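Enquirer: Got protein-v7.cif for you, mmCIF, C-alpha atoms (C1' of nucleotides):
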data_target
#
loop_
_atom_site.label_atom_id
_atom_site.label_comp_id
_atom_site.auth_asym_id
_atom_site.auth_seq_id
_atom_site.Cartn_x
_atom_site.Cartn_y
_atom_site.Cartn_z
CA MET A 1257 -155.49 -10.87 -11.80
CA ALA A 1258 -157.35 -9.81 -14.90
CA ASP A 1259 -161.10 -9.98 -14.83
CA THR A 1260 -163.17 -11.57 -17.52
CA GLY A 1261 -162.23 -9.66 -20.62
CA ALA A 1262 -165.45 -10.91 -22.09
CA THR A 1263 -166.12 -10.70 -25.79
CA GLY A 1264 -169.62 -11.77 -26.55
CA GLY A 1265 -170.09 -13.35 -23.14
CA GLU A 1266 -167.05 -15.64 -23.55
CA SER A 1267 -164.69 -15.58 -20.59
CA LEU A 1268 -161.16 -15.37 -21.94
CA LEU A 1269 -159.47 -16.38 -18.72
CA PHE A 1270 -158.37 -19.60 -20.36
CA LEU A 1271 -156.10 -17.58 -22.63
CA THR A 1272 -153.94 -16.07 -19.91
CA ASP A 1273 -150.21 -16.67 -20.06
CA GLU A 1274 -150.60 -18.66 -16.88
CA GLN A 1275 -153.06 -21.04 -18.48
CA LEU A 1276 -150.94 -21.33 -21.58
CA ARG A 1277 -147.92 -22.15 -19.47
CA LYS A 1278 -149.77 -24.99 -17.80
CA GLY A 1279 -150.70 -26.36 -21.18
CA ILE A 1280 -147.11 -26.14 -22.34
CA GLU A 1281 -145.82 -27.99 -19.32
CA ALA A 1282 -148.60 -30.55 -19.59
CA MET A 1283 -147.50 -31.26 -23.17
CA PHE A 1284 -143.93 -31.71 -22.06
CA PHE A 1285 -144.63 -34.11 -19.22
CA ALA A 1286 -147.37 -36.00 -21.03
CA TYR A 1287 -145.28 -36.64 -24.11
CA ARG A 1288 -142.76 -38.38 -21.93
CA GLY A 1289 -145.43 -40.71 -20.64
CA PHE A 1290 -146.71 -41.15 -24.15
CA THR A 1291 -143.39 -42.53 -25.39
CA ALA A 1292 -142.24 -44.32 -22.24
CA ASP A 1293 -143.88 -47.70 -22.78
CA PRO A 1294 -142.96 -48.18 -26.43
CA ASP A 1295 -139.43 -47.00 -25.65
CA ARG A 1296 -139.01 -49.79 -23.13
CA ILE A 1297 -140.14 -52.41 -25.63
CA LEU A 1298 -138.01 -50.95 -28.41
CA GLY A 1299 -134.98 -51.11 -26.17
CA GLN A 1300 -135.41 -54.85 -25.75
CA HIS A 1301 -135.51 -55.27 -29.51
CA ASP A 1302 -132.53 -52.99 -30.12
CA TYR A 1303 -134.61 -50.43 -31.94
CA GLY A 1304 -135.35 -46.77 -31.28
CA ARG A 1305 -138.23 -44.36 -31.53
CA ALA A 1306 -137.54 -43.75 -35.19
CA HIS A 1307 -138.19 -47.41 -35.94
CA HIS A 1308 -141.47 -47.21 -34.09
CA ARG A 1309 -142.66 -44.28 -36.14
CA ALA A 1310 -141.80 -45.99 -39.41
CA ILE A 1311 -143.53 -49.19 -38.34
CA HIS A 1312 -146.58 -47.30 -37.17
CA PHE A 1313 -147.21 -45.53 -40.43
CA VAL A 1314 -146.39 -48.51 -42.62
CA HIS A 1315 -148.97 -50.39 -40.59
CA ARG A 1316 -151.50 -47.62 -40.91
CA GLN A 1317 -151.13 -47.23 -44.63
CA PRO A 1318 -149.87 -50.51 -46.07
CA GLY A 1319 -148.21 -50.05 -49.43
CA LEU A 1320 -147.34 -46.41 -48.94
CA THR A 1321 -144.31 -45.19 -50.85
CA VAL A 1322 -141.04 -44.01 -49.37
CA THR A 1323 -141.75 -40.43 -50.47
CA THR A 1324 -145.10 -40.42 -48.72
CA LEU A 1325 -143.59 -41.81 -45.54
CA LEU A 1326 -140.89 -39.16 -45.78
CA ALA A 1327 -143.51 -36.44 -45.91
CA VAL A 1328 -145.48 -37.87 -42.99
CA LEU A 1329 -142.45 -38.27 -40.78
CA GLY A 1330 -140.89 -34.98 -41.78
CA VAL A 1331 -137.30 -36.20 -41.81
CA THR A 1332 -134.65 -36.44 -44.49
CA LYS A 1333 -134.43 -39.42 -46.75
CA GLN A 1334 -131.01 -40.28 -45.38
CA SER A 1335 -132.38 -40.36 -41.89
CA LEU A 1336 -135.35 -42.52 -42.80
CA ASN A 1337 -133.27 -44.79 -44.97
CA ARG A 1338 -130.99 -45.74 -42.13
CA VAL A 1339 -133.98 -46.88 -40.12
CA LEU A 1340 -135.85 -48.48 -42.99
CA ARG A 1341 -132.82 -50.44 -44.11
CA THR A 1342 -132.43 -52.18 -40.77
CA LEU A 1343 -136.16 -52.96 -40.65
CA ILE A 1344 -136.00 -54.51 -44.11
CA GLU A 1345 -132.80 -56.42 -43.33
CA ASP A 1346 -134.35 -57.72 -40.13
CA GLY A 1347 -137.40 -58.87 -42.04
CA LEU A 1348 -139.96 -56.58 -40.40
CA VAL A 1349 -140.71 -54.48 -43.45
CA GLU A 1350 -141.00 -55.51 -47.07
CA SER A 1351 -140.26 -53.15 -49.94
CA ARG A 1352 -142.10 -53.97 -53.15
CA VAL A 1353 -141.37 -52.41 -56.51
CA GLY A 1354 -144.34 -50.43 -57.77
CA ARG A 1355 -146.45 -52.11 -60.43
CA LYS A 1356 -147.58 -48.97 -62.16
CA ASP A 1357 -144.49 -46.86 -61.47
CA LYS A 1358 -141.49 -49.08 -61.05
CA ARG A 1359 -139.42 -46.31 -59.44
CA GLU A 1360 -141.61 -46.40 -56.37
CA ARG A 1361 -141.14 -48.76 -53.47
CA HIS A 1362 -144.30 -49.76 -51.63
CA LEU A 1363 -143.79 -50.61 -47.99
CA HIS A 1364 -145.54 -53.38 -46.10
CA LEU A 1365 -145.13 -55.03 -42.73
CA THR A 1366 -144.17 -58.69 -42.71
CA PRO A 1367 -145.88 -60.94 -40.14
CA ALA A 1368 -142.92 -60.29 -37.82
CA GLY A 1369 -143.25 -56.56 -38.38
CA ALA A 1370 -146.96 -56.71 -37.68
CA ALA A 1371 -146.25 -58.60 -34.47
CA LEU A 1372 -143.91 -55.91 -33.21
CA GLU A 1373 -146.37 -53.24 -34.28
CA ARG A 1374 -149.08 -54.87 -32.18
CA GLU A 1375 -146.78 -55.12 -29.20
CA LEU A 1376 -145.84 -51.45 -29.43
CA SER A 1377 -149.26 -50.06 -30.16
CA GLU A 1378 -150.96 -52.18 -27.55
CA ALA A 1379 -148.58 -50.84 -24.91
CA GLN A 1380 -149.34 -47.33 -26.04
CA ARG A 1381 -153.06 -47.98 -26.13
CA VAL A 1382 -153.09 -49.30 -22.59
CA ARG A 1383 -151.85 -45.99 -21.28
CA MET A 1384 -154.02 -44.01 -23.64
CA ARG A 1385 -157.09 -46.02 -22.72
CA ALA A 1386 -156.47 -45.43 -19.03
CA ALA A 1387 -156.07 -41.70 -19.63
CA TYR A 1388 -159.19 -41.53 -21.79
CA ARG A 1389 -161.23 -43.46 -19.27
CA ALA A 1390 -160.04 -41.28 -16.42
CA ALA A 1391 -160.80 -38.08 -18.29
CA GLY A 1392 -164.07 -39.05 -19.95
CA PRO A 1393 -165.48 -38.64 -23.46
CA GLN A 1394 -165.95 -34.89 -23.31
CA ALA A 1395 -162.39 -34.30 -22.21
CA VAL A 1396 -161.16 -36.59 -24.97
CA ALA A 1397 -163.03 -34.59 -27.58
CA GLY A 1398 -161.41 -31.41 -26.28
CA PHE A 1399 -158.03 -33.06 -26.15
CA ARG A 1400 -158.22 -33.94 -29.81
CA GLN A 1401 -159.51 -30.52 -30.79
CA VAL A 1402 -156.64 -28.68 -29.13
CA LEU A 1403 -154.01 -31.04 -30.49
CA GLU A 1404 -155.35 -30.68 -33.98
CA ALA A 1405 -155.30 -26.90 -33.72
CA MET A 1406 -151.71 -27.08 -32.56
CA MET A 1407 -150.41 -28.87 -35.65
CA ASP A 1408 -148.62 -27.28 -38.56
CA THR A 1409 -150.81 -27.09 -41.61
CA ASP A 1410 -148.86 -29.73 -43.51
CA MET A 1411 -148.98 -32.15 -40.64
CA ARG A 1412 -152.68 -31.51 -40.09
CA ARG A 1413 -153.27 -32.60 -43.68
CA HIS A 1414 -151.56 -35.92 -43.03
CA TYR A 1415 -153.35 -36.32 -39.73
CA GLN A 1416 -156.78 -35.71 -41.20
CA MET A 1417 -156.12 -38.05 -44.08
CA LEU A 1418 -155.34 -40.85 -41.65
CA ARG A 1419 -158.08 -39.84 -39.26
CA ASP A 1420 -160.80 -40.00 -41.86
CA GLY A 1421 -159.52 -43.21 -43.34
CA ALA A 1422 -156.69 -43.44 -45.79
CA MET B 25 -171.17 -40.96 -35.93
CA ALA B 26 -171.55 -41.97 -32.30
CA ASP B 27 -173.11 -39.89 -29.58
CA THR B 28 -170.34 -39.26 -27.11
CA GLY B 29 -172.21 -37.07 -24.69
CA ALA B 30 -173.58 -39.89 -22.56
CA THR B 31 -172.74 -39.95 -18.87
CA GLY B 32 -175.53 -42.04 -17.44
CA GLY B 33 -175.78 -44.52 -20.31
CA GLU B 34 -172.00 -44.18 -20.66
CA SER B 35 -171.23 -44.76 -24.29
CA LEU B 36 -167.80 -46.34 -24.35
CA LEU B 37 -167.28 -45.79 -28.04
CA PHE B 38 -164.55 -43.27 -27.25
CA LEU B 39 -162.41 -46.12 -25.94
CA THR B 40 -162.26 -48.10 -29.17
CA ASP B 41 -158.85 -48.88 -30.62
CA GLU B 42 -159.78 -46.62 -33.51
CA GLN B 43 -160.34 -43.65 -31.22
CA LEU B 44 -157.17 -44.40 -29.31
CA ARG B 45 -155.22 -44.52 -32.53
CA LYS B 46 -156.44 -41.10 -33.51
CA GLY B 47 -155.33 -39.77 -30.15
CA ILE B 48 -151.91 -41.35 -30.56
CA GLU B 49 -151.43 -39.84 -33.99
CA ALA B 50 -152.71 -36.49 -32.79
CA MET B 51 -150.08 -36.50 -30.05
CA PHE B 52 -147.36 -37.27 -32.57
CA PHE B 53 -148.27 -34.56 -35.05
CA ALA B 54 -149.14 -31.98 -32.43
CA TYR B 55 -145.91 -32.38 -30.55
CA ARG B 56 -144.05 -31.50 -33.70
CA GLY B 57 -145.99 -28.27 -33.97
CA PHE B 58 -145.47 -27.67 -30.30
CA THR B 59 -141.68 -27.67 -30.63
CA ALA B 60 -141.36 -26.18 -34.11
CA ASP B 61 -141.31 -22.48 -33.23
CA PRO B 62 -138.85 -22.67 -30.32
CA ASP B 63 -136.64 -24.96 -32.38
CA ARG B 64 -136.32 -22.31 -35.06
CA ILE B 65 -135.30 -19.69 -32.54
CA LEU B 66 -132.90 -22.02 -30.77
CA GLY B 67 -131.21 -22.78 -34.07
CA GLN B 68 -130.43 -19.10 -34.56
CA HIS B 69 -128.81 -18.97 -31.14
CA ASP B 70 -126.88 -22.21 -31.62
CA TYR B 71 -128.79 -23.99 -28.91
CA GLY B 72 -130.98 -27.08 -28.90
CA ARG B 73 -134.14 -28.32 -27.31
CA ALA B 74 -132.29 -29.42 -24.21
CA HIS B 75 -131.22 -25.83 -23.56
CA HIS B 76 -134.80 -24.71 -23.90
CA ARG B 77 -136.00 -27.17 -21.30
CA ALA B 78 -133.34 -26.13 -18.82
CA ILE B 79 -134.09 -22.46 -19.35
CA HIS B 80 -137.79 -23.04 -19.01
CA PHE B 81 -137.62 -24.73 -15.64
CA VAL B 82 -134.98 -22.41 -14.23
CA HIS B 83 -137.30 -19.58 -15.16
CA ARG B 84 -140.28 -21.29 -13.61
CA GLN B 85 -138.58 -22.06 -10.34
CA PRO B 86 -135.76 -19.59 -9.83
CA GLY B 87 -133.17 -20.86 -7.41
CA LEU B 88 -133.93 -24.53 -7.91
CA THR B 89 -131.05 -26.90 -7.31
CA VAL B 90 -129.34 -29.05 -9.89
CA THR B 91 -130.75 -32.20 -8.32
CA THR B 92 -134.28 -30.87 -8.55
CA LEU B 93 -133.81 -29.88 -12.16
CA LEU B 94 -132.39 -33.31 -12.85
CA ALA B 95 -135.50 -34.93 -11.44
CA VAL B 96 -137.84 -32.68 -13.41
CA LEU B 97 -136.05 -33.21 -16.68
CA GLY B 98 -135.50 -36.91 -16.15
CA VAL B 99 -132.04 -37.05 -17.70
CA THR B 100 -128.64 -37.98 -16.36
CA LYS B 101 -126.48 -35.44 -14.62
CA GLN B 102 -123.83 -35.74 -17.31
CA SER B 103 -126.38 -34.90 -19.96
CA LEU B 104 -127.75 -31.93 -18.07
CA ASN B 105 -124.32 -30.72 -17.10
CA ARG B 106 -123.19 -30.40 -20.69
CA VAL B 107 -126.14 -28.14 -21.43
CA LEU B 108 -125.98 -26.23 -18.17
CA ARG B 109 -122.28 -25.55 -18.57
CA THR B 110 -122.71 -23.83 -21.91
CA LEU B 111 -125.60 -21.77 -20.56
CA ILE B 112 -123.50 -20.65 -17.62
CA GLU B 113 -120.45 -19.95 -19.79
CA ASP B 114 -122.61 -17.93 -22.16
CA GLY B 115 -123.97 -15.92 -19.27
CA LEU B 116 -127.60 -17.01 -19.53
CA VAL B 117 -127.73 -18.93 -16.28
CA GLU B 118 -126.12 -18.16 -12.97
CA SER B 119 -125.17 -20.84 -10.47
CA ARG B 120 -125.11 -19.67 -6.87
CA VAL B 121 -123.69 -21.65 -3.97
CA GLY B 122 -126.38 -22.51 -1.44
CA ARG B 123 -126.39 -20.41 1.70
CA LYS B 124 -127.75 -23.07 3.99
CA ASP B 125 -126.25 -26.09 2.28
CA LYS B 126 -123.10 -25.09 0.46
CA ARG B 127 -123.06 -28.27 -1.61
CA GLU B 128 -126.11 -27.15 -3.49
CA ARG B 129 -126.05 -24.88 -6.54
CA HIS B 130 -129.08 -22.70 -7.00
CA LEU B 131 -129.83 -21.80 -10.58
CA HIS B 132 -131.09 -18.45 -11.81
CA LEU B 133 -131.53 -16.81 -15.18
CA THR B 134 -129.44 -13.74 -15.89
CA PRO B 135 -131.12 -10.84 -17.71
CA ALA B 136 -129.81 -12.30 -20.97
CA GLY B 137 -131.20 -15.70 -20.03
CA ALA B 138 -134.54 -14.18 -19.14
CA ALA B 139 -134.60 -12.42 -22.50
CA LEU B 140 -134.11 -15.67 -24.40
CA GLU B 141 -136.69 -17.35 -22.20
CA ARG B 142 -139.23 -14.71 -23.13
CA GLU B 143 -138.44 -15.05 -26.80
CA LEU B 144 -138.87 -18.82 -26.69
CA SER B 145 -141.93 -18.96 -24.50
CA GLU B 146 -143.67 -16.17 -26.35
CA ALA B 147 -143.25 -18.04 -29.62
CA GLN B 148 -144.67 -21.14 -28.00
CA ARG B 149 -147.51 -19.20 -26.43
CA VAL B 150 -148.52 -17.67 -29.74
CA ARG B 151 -149.22 -21.09 -31.18
CA MET B 152 -150.77 -22.35 -27.97
CA ARG B 153 -153.00 -19.32 -27.72
CA ALA B 154 -154.21 -19.78 -31.27
CA ALA B 155 -154.96 -23.44 -30.60
CA TYR B 156 -156.74 -22.66 -27.35
CA ARG B 157 -158.79 -19.93 -28.95
CA ALA B 158 -159.75 -22.15 -31.86
CA ALA B 159 -160.79 -25.01 -29.60
CA GLY B 160 -162.48 -23.06 -26.82
CA PRO B 161 -162.36 -23.22 -23.01
CA GLN B 162 -164.17 -26.54 -22.65
CA ALA B 163 -161.86 -28.26 -25.06
CA VAL B 164 -158.87 -26.80 -23.25
CA ALA B 165 -160.08 -28.21 -19.95
CA GLY B 166 -160.40 -31.63 -21.54
CA PHE B 167 -157.01 -31.31 -23.18
CA ARG B 168 -155.37 -30.71 -19.84
CA GLN B 169 -157.27 -33.52 -18.15
CA VAL B 170 -156.22 -36.11 -20.69
CA LEU B 171 -152.60 -34.98 -20.73
CA GLU B 172 -152.41 -35.10 -16.97
CA ALA B 173 -153.83 -38.61 -16.92
CA MET B 174 -151.23 -39.64 -19.47
CA MET B 175 -148.22 -38.68 -17.34
CA ASP B 176 -146.10 -41.05 -15.31
CA THR B 177 -146.76 -40.68 -11.61
CA ASP B 178 -143.39 -39.07 -10.91
CA MET B 179 -143.80 -36.55 -13.66
CA ARG B 180 -147.35 -35.77 -12.58
CA ARG B 181 -145.97 -34.85 -9.18
CA HIS B 182 -143.63 -32.32 -10.74
CA TYR B 183 -146.34 -31.03 -13.03
CA GLN B 184 -148.80 -30.49 -10.23
CA MET B 185 -146.24 -28.79 -8.07
CA LEU B 186 -145.57 -26.26 -10.83
CA ARG B 187 -149.21 -26.05 -11.79
CA ASP B 188 -150.36 -25.12 -8.31
CA GLY B 189 -147.53 -22.70 -7.77
CA ALA B 190 -144.06 -23.69 -6.72
"C1'" DA C 130 -133.29 -37.44 -76.46
"C1'" DT C 131 -133.41 -35.01 -72.40
"C1'" DT C 132 -135.03 -33.81 -68.02
"C1'" DT C 133 -137.17 -34.92 -63.85
"C1'" DT C 134 -138.61 -38.03 -60.17
"C1'" DA C 135 -138.01 -41.81 -56.81
"C1'" DT C 136 -134.88 -44.17 -54.45
"C1'" DG C 137 -130.66 -45.39 -52.33
"C1'" DT C 138 -125.98 -44.64 -50.65
"C1'" DC C 139 -121.45 -42.70 -48.77
"C1'" DA C 140 -119.28 -39.54 -45.78
"C1'" DG C 141 -119.21 -36.44 -42.16
"C1'" DC C 142 -121.14 -33.55 -38.60
"C1'" DC C 143 -124.10 -32.21 -34.44
"C1'" DT C 144 -127.10 -32.72 -30.42
"C1'" DT C 145 -128.48 -35.20 -26.78
"C1'" DG C 146 -129.12 -39.16 -24.56
"C1'" DT C 147 -126.52 -43.22 -22.12
"C1'" DT C 148 -122.88 -45.86 -18.74
"C1'" DG C 149 -118.95 -46.00 -15.77
"C1'" DA C 150 -115.36 -44.15 -13.03
"C1'" DC C 151 -113.60 -40.74 -10.10
"C1'" DT C 152 -113.07 -36.18 -7.42
"C1'" DT C 153 -114.22 -32.42 -4.31
"C1'" DT C 154 -116.95 -30.34 -1.07
"C1'" DC C 155 -119.78 -30.44 2.61
"C1'" DC C 156 -123.59 -31.99 5.79
"C1'" DA C 157 -125.01 -35.05 9.34
"C1'" DA C 158 -125.06 -38.98 12.27
"C1'" DG C 159 -122.53 -41.96 15.14
"C1'" DC D 111 -114.28 -35.86 15.55
"C1'" DT D 112 -114.58 -39.16 12.27
"C1'" DT D 113 -116.94 -41.16 8.77
"C1'" DG D 114 -120.63 -42.11 5.52
"C1'" DG D 115 -123.35 -40.29 2.16
"C1'" DA D 116 -125.25 -36.50 -0.62
"C1'" DA D 117 -124.57 -32.73 -4.14
"C1'" DA D 118 -122.14 -31.39 -7.80
"C1'" DG D 119 -118.89 -31.67 -11.47
"C1'" DT D 120 -115.80 -33.92 -14.84
"C1'" DC D 121 -113.63 -37.22 -18.21
"C1'" DA D 122 -114.19 -40.73 -21.59
"C1'" DA D 123 -116.63 -43.46 -24.67
"C1'" DC D 124 -120.58 -44.72 -27.05
"C1'" DA D 125 -125.30 -44.75 -29.60
"C1'" DA D 126 -129.48 -42.91 -31.73
"C1'" DG D 127 -131.11 -40.08 -34.87
"C1'" DG D 128 -131.29 -35.69 -36.73
"C1'" DC D 129 -128.72 -32.82 -40.55
"C1'" DT D 130 -126.07 -31.41 -45.19
"C1'" DG D 131 -123.86 -32.39 -49.51
"C1'" DA D 132 -122.59 -35.17 -53.27
"C1'" DC D 133 -123.52 -38.73 -56.25
"C1'" DA D 134 -125.67 -43.00 -58.73
"C1'" DT D 135 -129.31 -45.58 -60.96
"C1'" DA D 136 -133.66 -46.65 -62.90
"C1'" DA D 137 -137.73 -45.25 -64.80
"C1'" DA D 138 -141.16 -41.99 -66.05
"C1'" DA D 139 -142.43 -37.74 -68.37
"C1'" DT D 140 -141.73 -34.25 -71.61
#
Please render this file's structure as structure tokens.
Expert:
Amino acid sequence: MADTGATGGESLLFLTDEQLRKGIEAMFFAYRGFTADPDRILGQHDYGRAHHRAIHFVHRQPGLTVTTLLAVLGVTKQSLNRVLRTLIEDGLVESRVGRKDKRERHLHLTPAGAALERELSEAQRVRMRAAYRAAGPQAVAGFRQVLEAMMDTDMRRHYQMLRDGA
Amino acid sequence: MADTGATGGESLLFLTDEQLRKGIEAMFFAYRGFTADPDRILGQHDYGRAHHRAIHFVHRQPGLTVTTLLAVLGVTKQSLNRVLRTLIEDGLVESRVGRKDKRERHLHLTPAGAALERELSEAQRVRMRAAYRAAGPQAVAGFRQVLEAMMDTDMRRHYQMLRDGA
DNA sequence: ATTTTATGTCAGCCTTGTTGACTTTCCAAG
DNA sequence: CTTGGAAAGTCAACAAGGCTGACATAAAAT
């Protein structure tokens, strides 16, 4: 039981290994809840989590290129391509040749893709909304602060870009 | 920018779809950071994330039974067994027949297992500590509140049991 | 004209999840 | 004491979604 190793009045008890451990376990269990609802819906449509991620970011940034999506998702092009191909074949995503640079493919959701996106994100928002409401605005602000500080620098760049409006 | 501090007037601006979306994306990007450091270490040892999870909870609750671990991890017994078997073969985990109920196997880390656990958890703590420090104690409290509210009921039970001391 | 970039594709491999079937051991209730 | 069910383990087969490496094409940039 350490006492307040205070630096400048700040109690540092929240930095004990014990506190950190609780945060680590909270992340583990919460992430499961976070993905549970979309996963159920995806299962019905014969898709997986990877499809969800692609759909999410195409929705968020309509017209983004494959390279950009690759960077945001942090997977290999072969991995993404497998997912993207099925989404295009199934008519959920449209791939348009770039006007300025014809090598680029700009990705958009079709109406069907947008419909699935809404279904997935609404399910996720329902849980998120309940959690936010239960915890309150102050807690939510802290939640976002800690998560942001936890990101890798590259990922934080992408996050902030989307956060502040693409 | 909205004033989020209200408690009596209760500004509900933090529950907008926009705010929820930011939280969702924060979870996605942060979880990647959360697992990045252990993943690197696991790769060197020829293990995966599943091994990490098993090691973590065996460390947390020494002597827990396979059934309990199964419930905490939320995977099938076949899936867990594959991982557990390699850990036992490699001498990181020990499986002891229950004294009271001889059907049960009680799991413990060997010294080698405990060493890997420390390596993994210390890496994870370093990042967590930095994030906590950057965000401050209030933010950390909020972080934990929101995560807890996000869990499925079953998982919250496990979380709280560990949180309050097994 | 040459090099580089963006994209896509084939092939193969690994981890980690799943279902289903079946066995052994052992506790506990009838 | 018998029997039903629980705890654990195993085999087989399959799928999602990561990965590497090699290679091809079109178009931009130098």
Enquirer: List the residues selected by the PyMOL selection byres ((chain C) within 12 of (chain A)) in the file shown, writing them as JSON, numbers by chain.
Expert: {"C": [134, 135, 136, 137, 138, 139, 140, 146]}
Enquirer: Which residues of chain D have any atom within 12 Å of an atom in range 1300-1305 of chain A when counting only C-alpha atoms (C1' of nucleotides), and what is the closest pair of atoms for each, with the distance in Å to one decimal? Order the rows by chain and rising number and write it as a tab-separated table.
Expert:
residue	atom	partner	partner_atom	distance
D:DA125	C1'	A:Gly1304	CA	10.4
D:DA126	C1'	A:Gly1304	CA	7.0
D:DG127	C1'	A:Gly1304	CA	8.7
Enquirer: Skipping near chain neighbours, those fewer than 5 positions away, what residues fall within 12 Å of Leu1320 in chain A using only C-alpha atoms (C1' of nucleotides), listed as a list in words?
Expert: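 The contact residues come out as Ala1310, Ile1311, His1312, Phe1313, Val1314, His1315, Leu1325, Leu1326, Ala1327, Val1328, Val1349, Glu1350, Ser1351, Arg1352, Val1353, Gly1354, Glu1360, Arg1361, His1362, Leu1363, His1364, Leu1365 and Ala1422 of chain A.
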Enquirer: What do you get for the Cα RMSD if chain B is superposed onto chain A using all Cα atoms in their order?
Expert: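 The RMSD between chain B and chain A over C-alpha atoms is 2.0 Å.
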Enquirer: Nearest residue to chain D out of B:Val164, B:Ala159, B:Val150, B:Ser103, using only C-alpha atoms (C1' of nucleotides)?
Expert: B:Ser103
Enquirer: Please fill the gaps in range 51-67 of chain B so it has N, CA and C atoms, and write that as a PDB file, in the coordinates of the input.
Expert:
ATOM      1  N   MET B  51    -151.204 -36.843 -30.926  1.00  0.00           N
ATOM      2  CA  MET B  51    -150.080 -36.500 -30.050  1.00  0.00           C
ATOM      3  C   MET B  51    -148.797 -36.364 -30.871  1.00  0.00           C
ATOM      4  N   PHE B  52    -148.579 -37.289 -31.754  1.00  0.00           N
ATOM      5  CA  PHE B  52    -147.360 -37.270 -32.570  1.00  0.00           C
ATOM      6  C   PHE B  52    -147.262 -36.006 -33.410  1.00  0.00           C
ATOM      7  N   PHE B  53    -148.315 -35.715 -34.153  1.00  0.00           N
ATOM      8  CA  PHE B  53    -148.270 -34.560 -35.050  1.00  0.00           C
ATOM      9  C   PHE B  53    -148.281 -33.246 -34.272  1.00  0.00           C
ATOM     10  N   ALA B  54    -149.037 -33.223 -33.188  1.00  0.00           N
ATOM     11  CA  ALA B  54    -149.140 -31.980 -32.430  1.00  0.00           C
ATOM     12  C   ALA B  54    -147.834 -31.642 -31.728  1.00  0.00           C
ATOM     13  N   TYR B  55    -147.148 -32.664 -31.267  1.00  0.00           N
ATOM     14  CA  TYR B  55    -145.910 -32.380 -30.550  1.00  0.00           C
ATOM     15  C   TYR B  55    -144.879 -31.741 -31.472  1.00  0.00           C
ATOM     16  N   ARG B  56    -144.937 -32.108 -32.710  1.00  0.00           N
ATOM     17  CA  ARG B  56    -144.050 -31.500 -33.700  1.00  0.00           C
ATOM     18  C   ARG B  56    -144.336 -30.020 -33.843  1.00  0.00           C
ATOM     19  N   GLY B  57    -145.620 -29.685 -33.899  1.00  0.00           N
ATOM     20  CA  GLY B  57    -145.990 -28.270 -33.970  1.00  0.00           C
ATOM     21  C   GLY B  57    -145.569 -27.552 -32.700  1.00  0.00           C
ATOM     22  N   PHE B  58    -145.757 -28.214 -31.616  1.00  0.00           N
ATOM     23  CA  PHE B  58    -145.470 -27.670 -30.300  1.00  0.00           C
ATOM     24  C   PHE B  58    -144.010 -27.216 -30.163  1.00  0.00           C
ATOM     25  N   THR B  59    -143.109 -27.975 -30.772  1.00  0.00           N
ATOM     26  CA  THR B  59    -141.680 -27.670 -30.630  1.00  0.00           C
ATOM     27  C   THR B  59    -141.124 -26.882 -31.811  1.00  0.00           C
ATOM     28  N   ALA B  60    -141.899 -26.743 -32.867  1.00  0.00           N
ATOM     29  CA  ALA B  60    -141.360 -26.180 -34.110  1.00  0.00           C
ATOM     30  C   ALA B  60    -140.865 -24.747 -33.939  1.00  0.00           C
ATOM     31  N   ASP B  61    -141.657 -23.896 -33.319  1.00  0.00           N
ATOM     32  CA  ASP B  61    -141.310 -22.480 -33.230  1.00  0.00           C
ATOM     33  C   ASP B  61    -140.077 -22.245 -32.340  1.00  0.00           C
ATOM     34  N   PRO B  62    -140.067 -22.800 -31.123  1.00  0.00           N
ATOM     35  CA  PRO B  62    -138.850 -22.670 -30.320  1.00  0.00           C
ATOM     36  C   PRO B  62    -137.623 -23.230 -31.028  1.00  0.00           C
ATOM     37  N   ASP B  63    -137.776 -24.351 -31.696  1.00  0.00           N
ATOM     38  CA  ASP B  63    -136.640 -24.960 -32.380  1.00  0.00           C
ATOM     39  C   ASP B  63    -136.012 -23.998 -33.380  1.00  0.00           C
ATOM     40  N   ARG B  64    -136.839 -23.278 -34.093  1.00  0.00           N
ATOM     41  CA  ARG B  64    -136.320 -22.310 -35.060  1.00  0.00           C
ATOM     42  C   ARG B  64    -135.480 -21.248 -34.358  1.00  0.00           C
ATOM     43  N   ILE B  65    -136.011 -20.729 -33.278  1.00  0.00           N
ATOM     44  CA  ILE B  65    -135.300 -19.690 -32.540  1.00  0.00           C
ATOM     45  C   ILE B  65    -134.000 -20.229 -31.950  1.00  0.00           C
ATOM     46  N   LEU B  66    -134.082 -21.406 -31.377  1.00  0.00           N
ATOM     47  CA  LEU B  66    -132.900 -22.020 -30.770  1.00  0.00           C
ATOM     48  C   LEU B  66    -131.795 -22.199 -31.805  1.00  0.00           C
ATOM     49  N   GLY B  67    -132.191 -22.585 -33.001  1.00  0.00           N
ATOM     50  CA  GLY B  67    -131.210 -22.780 -34.070  1.00  0.00           C
ATOM     51  C   GLY B  67    -130.410 -21.506 -34.335  1.00  0.00           C
TER      52      GLY B  67
END
